[in-house]
Structure formats: structure tokens, C-alpha cells
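**Student:** Take a look at input.cif, mmCIF, C-alpha atoms:
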data_data
loop_
_atom_site.label_atom_id
_atom_site.label_comp_id
_atom_site.auth_asym_id
_atom_site.auth_seq_id
_atom_site.Cartn_x
_atom_site.Cartn_y
_atom_site.Cartn_z
CA MET A 1 47.41 61.18 -26.24
CA ALA A 2 48.12 57.82 -24.62
CA LYS A 3 48.23 57.71 -20.86
CA THR A 4 51.66 57.14 -19.30
CA SER A 5 52.11 53.90 -17.40
CA VAL A 6 52.73 54.07 -13.67
CA LYS A 7 56.41 54.58 -12.92
CA THR A 8 58.25 53.65 -9.74
CA ILE A 9 60.32 56.57 -8.45
CA LYS A 10 63.23 56.30 -5.97
CA THR A 11 64.47 59.43 -4.23
CA PRO A 12 68.17 60.29 -4.21
CA VAL A 13 67.87 60.49 -0.40
CA ASP A 14 67.52 56.98 1.07
CA GLY A 15 64.54 56.57 3.36
CA PHE A 16 62.87 59.90 2.53
CA THR A 17 59.16 60.04 3.41
CA GLY A 18 57.13 63.01 2.20
CA LEU A 19 55.58 64.74 -0.79
CA VAL A 20 57.55 65.90 -3.86
CA ALA A 21 55.95 67.22 -7.07
CA GLY A 22 52.59 65.78 -5.99
CA VAL A 23 53.98 62.28 -5.39
CA HIS A 24 53.92 60.75 -1.92
CA PHE A 25 57.13 58.90 -1.01
CA VAL A 26 57.47 56.31 1.74
CA GLU A 27 60.96 55.11 2.66
CA GLY A 28 62.33 56.70 -0.53
CA VAL A 29 59.88 55.10 -2.99
CA GLY A 30 56.78 56.52 -4.71
CA LYS A 31 54.67 55.80 -7.79
CA THR A 32 53.05 58.11 -10.34
CA ASP A 33 51.70 58.29 -13.88
CA ASP A 34 51.90 62.12 -14.03
CA GLU A 35 54.08 62.87 -17.09
CA SER A 36 55.19 66.27 -15.74
CA ALA A 37 56.24 64.80 -12.41
CA ILE A 38 58.09 61.95 -14.14
CA ALA A 39 59.98 64.44 -16.33
CA TYR A 40 60.88 66.45 -13.22
CA PHE A 41 62.17 63.37 -11.38
CA GLU A 42 64.27 62.33 -14.39
CA ARG A 43 65.83 65.82 -14.63
CA GLN A 44 66.61 65.82 -10.90
CA GLY A 45 68.34 62.44 -10.83
CA TYR A 46 65.64 60.34 -9.15
CA GLY A 47 65.51 56.67 -10.10
CA VAL A 48 62.60 56.25 -12.53
CA GLY A 49 61.56 52.76 -13.57
CA ASP A 50 58.75 51.06 -15.44
CA ASP A 51 59.85 47.47 -15.76
CA PRO A 52 61.19 44.93 -13.28
CA ALA A 53 64.80 45.75 -14.19
CA ASP A 54 64.11 49.42 -13.37
CA ASP A 55 62.18 48.82 -10.14
CA PRO A 56 64.30 50.42 -7.39
CA THR A 57 62.49 48.32 -4.76
CA ASP A 58 63.56 44.98 -6.31
CA PRO A 59 65.69 43.17 -3.72
CA ASP A 60 67.51 41.20 -6.47
CA ARG A 61 68.81 44.32 -8.21
CA LYS A 62 72.56 44.27 -8.63
CA TYR A 63 72.97 47.98 -9.43
CA PRO A 64 71.60 51.35 -8.19
CA ALA A 65 68.36 52.88 -9.45
CA GLY A 66 68.47 55.50 -12.17
CA ASP A 67 70.87 56.17 -14.99
CA PRO A 68 74.24 54.43 -14.89
CA SER A 69 77.15 56.38 -13.49
CA ASP A 70 80.94 56.24 -13.62
CA LYS A 71 80.70 55.94 -9.83
CA TRP A 72 79.18 52.46 -10.18
CA THR A 73 81.39 49.41 -9.72
CA LYS A 74 82.39 47.22 -12.63
CA ASP A 75 79.93 44.52 -11.45
CA GLU A 76 77.08 47.05 -11.22
CA LEU A 77 77.78 48.27 -14.76
CA LEU A 78 77.92 44.70 -16.06
CA ALA A 79 74.60 43.82 -14.36
CA TYR A 80 72.98 46.96 -15.80
CA ALA A 81 74.22 46.12 -19.30
CA ALA A 82 73.03 42.52 -18.98
CA ASP A 83 69.53 43.55 -17.79
CA ARG A 84 69.15 45.93 -20.72
CA LYS A 85 70.83 43.65 -23.25
CA ILE A 86 73.44 46.30 -24.04
CA ASP A 87 76.26 44.91 -26.17
CA ILE A 88 79.49 45.99 -24.49
CA GLY A 89 81.62 44.34 -27.16
CA GLU A 90 85.14 43.46 -26.01
CA ALA A 91 85.03 45.82 -22.99
CA LYS A 92 86.76 44.19 -20.02
CA ASN A 93 87.66 46.88 -17.50
CA LYS A 94 85.43 49.46 -15.82
CA PRO A 95 86.33 52.46 -18.04
CA GLU A 96 85.72 50.41 -21.20
CA ILE A 97 82.39 49.06 -19.89
CA TRP A 98 81.31 52.55 -18.79
CA GLY A 99 82.27 53.90 -22.23
CA ALA A 100 80.08 51.26 -23.89
CA ILE A 101 76.92 52.06 -21.88
CA LYS A 102 77.17 55.68 -20.61
CA PRO A 103 74.30 58.04 -21.41
CA GLY A 104 74.68 61.08 -23.66
CA GLY A 105 77.10 62.88 -21.35
CA THR A 106 74.97 65.94 -20.69
CA PRO A 107 74.05 67.02 -17.15
CA TYR A 108 70.55 67.92 -18.38
CA LYS A 109 67.79 65.78 -19.90
CA GLY A 110 67.19 66.74 -23.50
CA VAL A 111 67.48 65.93 -27.18
CA THR A 112 69.93 66.68 -29.94
CA THR A 113 68.62 68.08 -33.22
CA PRO A 114 69.80 66.59 -36.55
CA GLU A 115 72.08 69.64 -36.82
CA GLY A 116 73.75 68.70 -33.52
CA LYS A 117 72.17 71.42 -31.35
CA GLY A 118 71.46 70.33 -27.76
CA LEU A 119 67.93 71.23 -26.63
CA VAL A 120 67.20 70.76 -22.93
CA ASN A 121 64.89 71.62 -20.05
CA ASP A 122 66.78 72.44 -16.87
CA SER A 123 63.87 73.61 -14.71
CA THR A 124 63.06 72.17 -11.30
CA ASP A 125 59.36 72.92 -11.88
CA PRO A 126 57.61 69.75 -13.16
CA LYS A 127 55.08 71.89 -15.07
CA ASP A 128 57.78 73.95 -16.88
CA ASP A 129 58.27 72.69 -20.41
CA GLU A 130 60.48 75.51 -21.72
CA ILE A 131 63.20 74.16 -24.00
CA LYS A 132 66.57 75.93 -24.05
CA ASP A 133 69.73 75.73 -26.11
CA GLN A 134 72.27 73.79 -24.04
CA GLU A 135 75.05 76.21 -25.05
CA ASP A 136 73.25 78.95 -23.09
CA LEU A 137 73.18 76.94 -19.84
CA PRO A 138 75.85 76.97 -17.12
CA VAL A 139 78.23 74.02 -16.99
CA LYS A 140 77.62 71.80 -13.97
#
Show the structure stored in the file as C-alpha cells.
**Tutor:**
Amino acid sequence: MAKTSVKTIKTPVDGFTGLVAGVHFVEGVGKTDDESAIAYFERQGYGVGDDPADDPTDPDRKYPAGDPSDKWTKDELLAYAADRKIDIGEAKNKPEIWGAIKPGGTPYKGVTTPEGKGLVNDSTDPKDDEIKDQEDLPVK
């Protein structure tokens, strides 16, 4: 199995310094190549990046770290789409732009089977890899 590249992680709490899932954070930023920890951080809403556009410490960033959100401004959504070369088509206002780039719409990280069944992992334990049917999980 190929080794995961080092990812830059940004905590949801600005300025946090401490240890989470084996990763040491200073001023809200840490780095790891531990696949389990990375999966945990993604599930918990931390900013996870592996290229300059995803680096939450980049002072030239024009949008927040992590997955895009409907809470972002129109300019932040446009900058995100431009960095990732996402075609937003004829979208002009914020709801249209958000509709063109929003992630899958599930509160959990997971996959959808070809039959349309949502399979997810909702654990806060980075070592837990149990997959569950999304229909059996509580709505957030």
C-alpha cells in the first residue's frame, strides 16, 4: 500500500495548541501522514489539505480551509471554484454558485454504492473503520 503524503490540518478552533488523534497542533495547524488520523479529521470538519490551494496556512488564500460551505461568501465560493478549476457554468449569484460546487450533501464522510445506498463512517475514533448504512444514522 502506498504511503499517504503529509497533509496540513487546520483545527476548527482558531489558535488551538495541543494534541488531537496523535497530531500536535500549534496555533491551529498540524501536519500528519497517518491515514486514520486524516480520516478522523475529515469526518470532524477539520481543514485537510495536500496542495498549495488546500494549505490553511497560506496567507494568500481567499476562502476558509476545508470543504466549501453555504456559509461562505460569494467571493470565497468563486475563489474556491477557481483554485480547483470547477466549472460553475452560468452561475452568477451565491445560491447558484454554491449549487454548482457543493459537496454531496451528507453530514458524514462516505460513499454511495451503485445502487444508491449511502455507506458512511460516523465515528470520532480515528482507528474505527466500521462502515454503516446512512439510513440508520441520526439526522444532524
**Student:** Name the residues that the PyMOL selection byres ((chain A and resi 77) around 8) picks from the file above, as a list in words, using the file's chain letters and numbers.
**Tutor:**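 Evaluating the PyMOL selection byres ((chain A and resi 77) around 8) on this file yields Tyr63, Pro68, Trp72, Thr73, Lys74, Asp75, Glu76, Leu78, Ala79, Tyr80, Ala81, Lys94, Ile97 and Trp98 of chain A.
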**Student:** What does the distance from atom CA of A:Glu130 to atom CA of A:Ile38 come to in Å, to one decimal?
**Tutor:**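 According to the coordinates, atom CA of A:Glu130 and atom CA of A:Ile38 are separated by 15.7 Å.
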**Student:** For each of A:Ala82, A:Thr11, A:Ala65, A:Gly18, take the minimum atom-to-atom distance to A:Tyr40, counting all atoms listed in the file, then give the residue where this is smallest.
**Tutor:**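 Counting all atoms listed in the file, the residue closest to A:Tyr40 is A:Thr11.
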**Student:** List as number ranges by chain the protein and nucleic acid residues near A:Gly15, meaning an atom at most 10 Å away when all atoms listed in the file are counted, but skip any in the same chain fewer than 2 places from it.
**Tutor:** A: 10-13, 17-18, 25-29
**Student:** Using all atoms listed in the file, which of the listed residues (A:Asp83, A:Gly89, A:Ile101, A:Gln44) sits closest to A:Asp70?
**Tutor:**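 Checking each candidate against A:Asp70, we get A:Ile101 as the closest.
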**Student:** Looking at all atoms listed in the file, which of A:Glu35, A:Arg61, A:Ile9, A:Lys71 is the one that sits closest to A:Pro95?
**Tutor:**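 Residue with the minimum atom-to-atom distance to A:Pro95: A:Lys71.
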